Amino acid sequence: MQEKVEAQNILSMNSVEVLYDNVMLAIKGVSVQVPKGEMIALLGSNGAGKSTTLKAISGLLKAERGRISRGEITFQGTDITEALAQKRVEMGICHVIEGRRVFEHLTPDENLTAAAPRGMSRSTLNAEKEKIYGYFPRLAERKNSQAGYLSGGEQQMLAIGRALVTQPKLLMLDEPSLGLAPFLVEEIFGILQKINKDEGLSVLLVEQNALAALEIVSQGYLIENGRVVMHGTAEALKSNSDIQEFYLGGGETDFHNVKHYSRRKRWLS
Amino acid sequence: MDWVFLSELAINGALTGLLYSLFAIGLVLIYKASSVPNLAQGGLTMVGAYVVLALARDVGLPLWLAIPLAAVVMLGLGFGIERVALRRLAGRPVVMILMLTLGLDIFLRGTTLAIWGGTSRSMELGVSYDPLFLGDIFISRIHLVGAGVALALFVAFMLFFRTRTGIKLRAIADDYMASWSVGIAVERGVGLSWALASVVAVAAGVIWGEIQGVDQALSLLLLKGLTVAVLGGLDSILGAVIAGIILGVVENVGADFLDPLVGGGSRELIVAAVLILTVMIRPHGLFGRHDIERV
């Protein structure tokens with residue numbers, strides 16, 4: 001039984017604690033499982049620990065002087081808790097970091113080339129590029145302009161495309177919707193869904209835009225104050241009244257009669 | 001106005017300028033990958049020249065073999081510097097790395113002084129000192145050779161930065177974090193840029209060693225090299241070449257006008273003025289990238 005669960009989860013993160021600068025506890029025992037081929041969302045407000053969770057998985061903590069002080073992370077059954085970021089990319093984990101961060105002074109085409117794994121042949125790289133331009137036709141149109149001058153949406157597409165060149169098995173995205181118009185969010189999420197379906201790519205999505213995220217994922221985790229406070233299927237989370245009120249901005253709030261003291265994030269105390 | 005004399009000044013100034021470019025290309029290579037002006041480039045150039053001499057005189061190899069061998073040695077030194085000193089500074093403030101390169105420069109000067117002493121040695125490349133006449137204009141052969149080497153390296157690096165490895169180096173220069181996130185070996189890239197700059201240092205060391213002798217003074221080329229690199233934009237190889245020519249011409253022609261007025265020594269003043277004015281008026285130089293801000 002245990003083995004079967006292991007085999008189903010491409011990523012398993014167990015009670016992970018992260019320290020920054022050896023003092024600041026950023027996440028306090030987070031456990032997240034990503035089943036193979038599924039899309040999972042990490043939801044929560046600013047500073048809740050979502051980005052830190054992703055960095056713990058991708059190994060980018062080290063660049064910010066953070067480290068995993070407790071717990072373990074396994075990817076496809078291999079313990080990667082101590083592995084270097086570069087090694088994790090080779091194994092198939094790619095992290096689209098927050099704020100897009102394309103290589104601004106390179107062209108989109110060069111951005112894709114830069115991410116090519118070592119030893120990837122020219123023909124494989126070109127095939128990968130063609131595939132990515134297929135997913136994001138807007139990138140193909142602008143592939144030889146300077147990436148720094150692309151629009152926000154195009155830069156996000158480029159950041160995702162650049163991650164895809166590494167041929168990931170698990171793609172992690174940190175707030176891809178940040179600062180984008182709703183129709184662009186819809187377009188990008190739609191493409192993510194398509195890639196997930198077509199290639200069986202597992203996706204771990206960090207979002208503040210819970211409404212958009214819960215539309216495309218199968219399960220969600222709610223993180224607050226460095227802890228997982230709720231976990232369930234997308235359907236269950238969407239119908240949860242607390243989630244509706246605090247993260248989806250819906251519910252039946254009548255702003256004339258709202259009683260501020262009566263509703264609070266009970267799970268925080 | 002004596003036009004022949006003026007064009008002789010300009011042409012020889014341009015050739016000397018290309019020799020500054022030869023030096024500045026090394027600075028640009030490191031700046032492109034680590035965003036740090038390498039204050040040890042002068043020291044590296046001096047060591048490059050000393051290593052060539054050590055292999056040619058002390059070991060007794062012919063120069064055509066000693067120079068490429070020295071390049072290999074310096075390649076190793078460049079990788080070594082990254083491995084031993086820079087790796088632990090990755091992600092730290094740039095000023096720390098700047099101080100490290102300054103310390104490295106002092107260290108390299110001290111080492112060469114301890115090993116080879118302070119007396120100037122000659123390179124003896126075997127380039128003739130007979131004057132070369134272009135019409136009525138006198139041109140120095142060694143300067144011509146050096147300018148050719150600078151242009152050859154320029155072309156080689158322009159091509160290199162279009163290769164996959166070169167693109168990865170440019171990506172590293174743009175954004176360390178994003179480079180890590182897609183699995184680029186940032187540390188190895190920075191090491192490679194130091195290694196290439198060290199090889200350039202051999203070329204600059206040989207040419208300048210031939211011109212002014214091999215001694216500690218070679219490391220002072222840093223001042224002119226840095227001026228050229230800043231004027232060119234610090235991260236542009238094309239900029240380094242063009243800025244070198246500009247500085248060389250301005251320095252040579254300007255000094256001819258100014259020297260009688262101030263009684264000599266105006267070259268240094270011109271170089272200093274160019275450096276200061278560039279930083280004040282056009283901080284990203286002629287061809288440097290500005291940080292892109294979309295409105």
# chains A, B, ... in the order shown; residues from 1 in each chain; ligands from 1
call {"tool": "select_by_dssp", "arguments": {"residues": "stretch 51-269 of chain A", "states": "alpha helix (DSSP H)", "output": "JSON, numbers by chain"}}
result
{"A": [51, 52, 53, 54, 55, 56, 57, 58, 85, 86, 87, 88, 89, 90, 91, 108, 109, 110, 111, 112, 113, 114, 122, 123, 124, 125, 126, 127, 128, 129, 130, 131, 132, 133, 134, 135, 137, 138, 139, 140, 141, 152, 153, 154, 155, 156, 157, 158, 159, 160, 161, 162, 163, 164, 165, 182, 183, 184, 185, 186, 187, 188, 189, 190, 191, 192, 193, 194, 195, 196, 197, 198, 199, 210, 211, 212, 213, 214, 215, 216, 234, 235, 236, 237, 238, 239, 241, 242, 243]}
call {"tool": "closest_atom_pairs", "arguments": {"of": "chain B", "to": "chain A", "cutoff": "8 Å", "atoms": "only C-alpha atoms", "output": "CSV"}}
result
residue,atom,partner,partner_atom,distance
B:Gly91,CA,A:Ala63,CA,6.5
B:Arg164,CA,A:Thr113,CA,6.6
B:Thr165,CA,A:Ala114,CA,8.0
B:Ile167,CA,A:Ala114,CA,5.8
B:Lys168,CA,A:Ala114,CA,4.8
B:Arg170,CA,A:Leu106,CA,7.6
B:Ala171,CA,A:Phe103,CA,5.8
B:Asp174,CA,A:Phe103,CA,5.7
B:Asp175,CA,A:Phe103,CA,6.5
B:Met177,CA,A:Ala63,CA,7.4
B:Ala178,CA,A:Arg101,CA,6.2
B:Ser179,CA,A:Ala115,CA,7.8
B:Trp180,CA,A:Gln86,CA,6.7
B:Ser181,CA,A:His95,CA,5.8
B:Val182,CA,A:Ala115,CA,5.6
B:Gly183,CA,A:Gln86,CA,4.4
B:Ile184,CA,A:Ala115,CA,6.7
B:Ala185,CA,A:Gln86,CA,6.8
B:Arg289,CA,A:His105,CA,7.9
B:Ile292,CA,A:Gly148,CA,6.2
B:Glu293,CA,A:Gly148,CA,8.0
B:Arg294,CA,A:Tyr149,CA,6.7
call {"tool": "residues_around", "arguments": {"residues": "B:Val149", "least_positions_apart": "3", "cutoff": "9 Å", "atoms": "only C-alpha atoms", "output": "VMD selection string"}}
result
chain B and resid 19 22 144 to 146 152 to 154 203 to 204 207
call {"tool": "residues_around", "arguments": {"residues": "A:Ile191", "least_positions_apart": "2", "cutoff": "12 Å", "atoms": "only C-alpha atoms", "output": "list of chain:residue names"}}
result
A:Ile132, A:Tyr133, A:Gly134, A:Tyr135, A:Phe136, A:Pro137, A:Gln156, A:Met157, A:Ile160, A:Gly161, A:Leu184, A:Val185, A:Glu186, A:Glu187, A:Ile188, A:Phe189, A:Gln193, A:Lys194, A:Ile195, A:Asn196, A:Lys197, A:Asp198, A:Glu199, A:Ile216
call {"tool": "atom_distance", "arguments": {"atom1": "atom CA of B:Leu234", "atom2": "atom CA of B:Gly285"}}
result
7.3 Å
call {"tool": "closest_atom_pairs", "arguments": {"of": "stretch 54-148 of chain A", "to": "stretch 34-50 of chain A", "cutoff": "10 Å", "atoms": "only C-alpha atoms", "output": "JSON lines"}}
result
{"residue": "A:Leu54", "atom": "CA", "partner": "A:Lys50", "partner_atom": "CA", "distance": 6.6}
{"residue": "A:Lys55", "atom": "CA", "partner": "A:Lys50", "partner_atom": "CA", "distance": 8.8}
{"residue": "A:Ala56", "atom": "CA", "partner": "A:Lys50", "partner_atom": "CA", "distance": 10.0}
{"residue": "A:Phe75", "atom": "CA", "partner": "A:Val34", "partner_atom": "CA", "distance": 9.6}
{"residue": "A:Gln76", "atom": "CA", "partner": "A:Lys36", "partner_atom": "CA", "distance": 9.1}
call {"tool": "write_last_selection", "arguments": {"atoms": "all heavy atoms", "output": "PDB file, in the first residue's frame"}}
result
ATOM      1  N   LEU A  54       8.233  26.386  -2.737  1.00  0.00           N
ATOM      2  CA  LEU A  54       8.736  26.064  -4.080  1.00  0.00           C
ATOM      3  C   LEU A  54      10.268  26.072  -4.111  1.00  0.00           C
ATOM      4  O   LEU A  54      10.897  25.215  -4.733  1.00  0.00           O
ATOM      5  CB  LEU A  54       8.211  27.059  -5.122  1.00  0.00           C
ATOM      6  CG  LEU A  54       6.743  26.988  -5.509  1.00  0.00           C
ATOM      7  CD1 LEU A  54       6.526  27.719  -6.828  1.00  0.00           C
ATOM      8  CD2 LEU A  54       6.261  25.549  -5.627  1.00  0.00           C
ATOM      9  N   LYS A  55      10.863  27.065  -3.446  1.00  0.00           N
ATOM     10  CA  LYS A  55      12.319  27.155  -3.473  1.00  0.00           C
ATOM     11  C   LYS A  55      12.951  25.977  -2.751  1.00  0.00           C
ATOM     12  O   LYS A  55      14.048  25.531  -3.116  1.00  0.00           O
ATOM     13  CB  LYS A  55      12.786  28.474  -2.843  1.00  0.00           C
ATOM     14  CG  LYS A  55      12.590  29.652  -3.779  1.00  0.00           C
ATOM     15  CD  LYS A  55      12.931  30.950  -3.094  1.00  0.00           C
ATOM     16  CE  LYS A  55      12.405  32.135  -3.900  1.00  0.00           C
ATOM     17  NZ  LYS A  55      12.182  33.304  -3.061  1.00  0.00           N
ATOM     18  N   ALA A  56      12.272  25.485  -1.723  1.00  0.00           N
ATOM     19  CA  ALA A  56      12.792  24.304  -1.034  1.00  0.00           C
ATOM     20  C   ALA A  56      12.814  23.124  -1.997  1.00  0.00           C
ATOM     21  O   ALA A  56      13.739  22.315  -1.994  1.00  0.00           O
ATOM     22  CB  ALA A  56      11.927  23.983   0.179  1.00  0.00           C
ATOM     23  N   PHE A  75      11.713  13.034  -4.882  1.00  0.00           N
ATOM     24  CA  PHE A  75      11.226  13.231  -6.252  1.00  0.00           C
ATOM     25  C   PHE A  75      11.390  11.917  -6.978  1.00  0.00           C
ATOM     26  O   PHE A  75      12.500  11.385  -7.056  1.00  0.00           O
ATOM     27  CB  PHE A  75      12.032  14.343  -6.929  1.00  0.00           C
ATOM     28  CG  PHE A  75      11.622  14.620  -8.344  1.00  0.00           C
ATOM     29  CD1 PHE A  75      10.409  15.229  -8.619  1.00  0.00           C
ATOM     30  CD2 PHE A  75      12.443  14.268  -9.400  1.00  0.00           C
ATOM     31  CE1 PHE A  75      10.024  15.491  -9.916  1.00  0.00           C
ATOM     32  CE2 PHE A  75      12.066  14.524 -10.707  1.00  0.00           C
ATOM     33  CZ  PHE A  75      10.844  15.140 -10.965  1.00  0.00           C
ATOM     34  N   GLN A  76      10.290  11.367  -7.448  1.00  0.00           N
ATOM     35  CA  GLN A  76      10.299  10.045  -8.100  1.00  0.00           C
ATOM     36  C   GLN A  76      11.020   9.019  -7.237  1.00  0.00           C
ATOM     37  O   GLN A  76      11.803   8.210  -7.734  1.00  0.00           O
ATOM     38  CB  GLN A  76      10.976  10.136  -9.469  1.00  0.00           C
ATOM     39  CG  GLN A  76      10.192  11.016 -10.433  1.00  0.00           C
ATOM     40  CD  GLN A  76      10.775  10.990 -11.818  1.00  0.00           C
ATOM     41  OE1 GLN A  76      11.984  11.176 -11.974  1.00  0.00           O
ATOM     42  NE2 GLN A  76       9.957  10.786 -12.815  1.00  0.00           N
TER      43      GLN A  76
END
call {"tool": "atom_distance", "arguments": {"atom1": "atom CA of A:Asn126", "atom2": "atom CA of A:Lys169"}}
result
19.4 Å
call {"tool": "select_by_dssp", "arguments": {"residues": "stretch 16-208 of chain A", "states": "strand (DSSP E)", "output": "VMD selection string"}}
result
chain A and resid 16 to 20 24 to 35 39 to 43 66 to 75 78 to 79 93 to 96 170 to 174 202 to 207
call {"tool": "residues_around", "arguments": {"residues": "stretch 188-193 of chain B", "least_positions_apart": "2", "cutoff": "10 Å", "atoms": "only C-alpha atoms", "output": "MDAnalysis selection string"}}
result
chainID B and resid 26:34 75:83 86:87 90 165:166 168:173 184:186 195:199
call {"tool": "write_last_selection", "arguments": {"atoms": "N, CA, C and O atoms", "output": "tab-separated table (two decimals), in the first residue's frame"}}
result
chain	number	residue	atom	x	y	z
B	26	GLY	N	39.46	41.82	-21.94
B	26	GLY	CA	39.50	40.94	-20.76
B	26	GLY	C	38.57	41.45	-19.65
B	26	GLY	O	37.84	40.67	-19.04
B	27	LEU	N	38.58	42.77	-19.45
B	27	LEU	CA	37.69	43.35	-18.44
B	27	LEU	C	36.23	43.10	-18.79
B	27	LEU	O	35.42	42.76	-17.94
B	28	VAL	N	35.93	43.31	-20.08
B	28	VAL	CA	34.55	43.17	-20.53
B	28	VAL	C	34.07	41.72	-20.34
B	28	VAL	O	32.95	41.49	-19.88
B	29	LEU	N	34.93	40.76	-20.66
B	29	LEU	CA	34.54	39.35	-20.54
B	29	LEU	C	34.08	39.04	-19.12
B	29	LEU	O	33.07	38.39	-18.90
B	30	ILE	N	34.84	39.51	-18.14
B	30	ILE	CA	34.48	39.22	-16.76
B	30	ILE	C	33.26	40.02	-16.34
B	30	ILE	O	32.37	39.51	-15.68
B	31	TYR	N	33.21	41.27	-16.82
B	31	TYR	CA	32.04	42.08	-16.45
B	31	TYR	C	30.76	41.46	-16.99
B	31	TYR	O	29.73	41.46	-16.34
B	32	LYS	N	30.84	40.90	-18.18
B	32	LYS	CA	29.65	40.32	-18.80
B	32	LYS	C	29.08	39.18	-17.98
B	32	LYS	O	27.89	38.96	-17.98
B	33	ALA	N	29.94	38.42	-17.33
B	33	ALA	CA	29.43	37.27	-16.58
B	33	ALA	C	29.23	37.57	-15.11
B	33	ALA	O	28.40	36.94	-14.47
B	34	SER	N	29.97	38.48	-14.54
B	34	SER	CA	29.81	38.69	-13.09
B	34	SER	C	29.42	40.10	-12.70
B	34	SER	O	29.26	40.38	-11.52
B	75	LEU	N	44.58	29.86	-18.39
B	75	LEU	CA	43.21	29.32	-18.42
B	75	LEU	C	42.92	28.62	-17.09
B	75	LEU	O	41.89	28.83	-16.46
B	76	GLY	N	43.89	27.80	-16.68
B	76	GLY	CA	43.75	27.09	-15.41
B	76	GLY	C	43.69	28.07	-14.24
B	76	GLY	O	42.89	27.91	-13.32
B	77	LEU	N	44.53	29.10	-14.32
B	77	LEU	CA	44.53	30.09	-13.23
B	77	LEU	C	43.17	30.77	-13.12
B	77	LEU	O	42.64	30.95	-12.01
B	78	GLY	N	42.59	31.12	-14.26
B	78	GLY	CA	41.27	31.76	-14.26
B	78	GLY	C	40.22	30.89	-13.61
B	78	GLY	O	39.47	31.33	-12.74
B	79	PHE	N	40.15	29.61	-14.05
B	79	PHE	CA	39.20	28.69	-13.43
B	79	PHE	C	39.48	28.56	-11.94
B	79	PHE	O	38.57	28.51	-11.12
B	80	GLY	N	40.78	28.51	-11.60
B	80	GLY	CA	41.17	28.35	-10.20
B	80	GLY	C	40.71	29.50	-9.33
B	80	GLY	O	40.22	29.30	-8.22
B	81	ILE	N	40.84	30.72	-9.86
B	81	ILE	CA	40.42	31.90	-9.08
B	81	ILE	C	38.93	31.81	-8.74
B	81	ILE	O	38.52	32.06	-7.61
B	82	GLU	N	38.14	31.42	-9.74
B	82	GLU	CA	36.70	31.31	-9.47
B	82	GLU	C	36.45	30.24	-8.41
B	82	GLU	O	35.71	30.45	-7.46
B	83	ARG	N	37.13	29.10	-8.59
B	83	ARG	CA	36.88	27.96	-7.71
B	83	ARG	C	37.26	28.27	-6.26
B	83	ARG	O	36.50	28.02	-5.32
B	86	LEU	N	36.05	33.05	-5.74
B	86	LEU	CA	34.78	33.71	-6.08
B	86	LEU	C	33.56	32.90	-5.71
B	86	LEU	O	32.51	33.44	-5.41
B	87	ARG	N	33.68	31.57	-5.74
B	87	ARG	CA	32.50	30.74	-5.57
B	87	ARG	C	31.78	31.04	-4.27
B	87	ARG	O	30.57	31.12	-4.22
B	90	ALA	N	29.42	34.16	-4.33
B	90	ALA	CA	28.26	34.25	-5.22
B	90	ALA	C	27.05	34.70	-4.42
B	90	ALA	O	26.76	34.18	-3.35
B	165	THR	N	27.16	28.16	-25.54
B	165	THR	CA	27.89	28.49	-24.30
B	165	THR	C	27.93	30.00	-24.10
B	165	THR	O	27.73	30.48	-22.99
B	166	GLY	N	28.17	30.73	-25.19
B	166	GLY	CA	28.22	32.18	-25.09
B	166	GLY	C	26.88	32.76	-24.65
B	166	GLY	O	26.82	33.68	-23.84
B	168	LYS	N	24.67	31.24	-22.86
B	168	LYS	CA	24.51	30.93	-21.43
B	168	LYS	C	25.28	31.94	-20.57
B	168	LYS	O	24.79	32.37	-19.53
B	169	LEU	N	26.47	32.31	-21.02
B	169	LEU	CA	27.24	33.31	-20.26
B	169	LEU	C	26.49	34.64	-20.19
B	169	LEU	O	26.43	35.28	-19.15
B	170	ARG	N	25.89	35.03	-21.32
B	170	ARG	CA	25.13	36.28	-21.32
B	170	ARG	C	23.92	36.17	-20.41
B	170	ARG	O	23.52	37.14	-19.76
B	171	ALA	N	23.31	34.99	-20.40
B	171	ALA	CA	22.16	34.78	-19.51
B	171	ALA	C	22.59	34.93	-18.05
B	171	ALA	O	21.90	35.57	-17.25
B	172	ILE	N	23.75	34.38	-17.71
B	172	ILE	CA	24.26	34.50	-16.35
B	172	ILE	C	24.44	35.97	-15.99
B	172	ILE	O	24.06	36.42	-14.91
B	173	ALA	N	24.99	36.73	-16.94
B	173	ALA	CA	25.21	38.15	-16.68
B	173	ALA	C	23.89	38.87	-16.42
B	173	ALA	O	23.82	39.80	-15.64
B	184	ILE	N	21.32	26.35	-15.38
B	184	ILE	CA	22.59	26.79	-15.95
B	184	ILE	C	23.67	26.71	-14.87
B	184	ILE	O	23.44	27.11	-13.73
B	185	ALA	N	24.82	26.17	-15.23
B	185	ALA	CA	25.91	26.05	-14.27
B	185	ALA	C	26.56	27.42	-14.10
B	185	ALA	O	27.55	27.74	-14.74
B	186	VAL	N	25.97	28.24	-13.24
B	186	VAL	CA	26.41	29.63	-13.08
B	186	VAL	C	27.89	29.70	-12.69
B	186	VAL	O	28.66	30.44	-13.26
B	195	ALA	N	38.55	32.47	-17.04
B	195	ALA	CA	39.56	31.74	-17.80
B	195	ALA	C	39.84	32.43	-19.13
B	195	ALA	O	40.99	32.62	-19.53
B	196	LEU	N	38.75	32.84	-19.82
B	196	LEU	CA	38.93	33.50	-21.11
B	196	LEU	C	39.64	34.84	-20.93
B	196	LEU	O	40.52	35.19	-21.71
B	197	ALA	N	39.26	35.57	-19.87
B	197	ALA	CA	39.91	36.86	-19.61
B	197	ALA	C	41.40	36.65	-19.33
B	197	ALA	O	42.23	37.47	-19.68
B	198	SER	N	41.74	35.53	-18.69
B	198	SER	CA	43.14	35.26	-18.40
B	198	SER	C	43.92	34.95	-19.67
B	198	SER	O	45.10	35.29	-19.79
B	199	VAL	N	43.24	34.31	-20.61
B	199	VAL	CA	43.89	34.05	-21.90
B	199	VAL	C	44.12	35.37	-22.66
B	199	VAL	O	45.19	35.60	-23.22
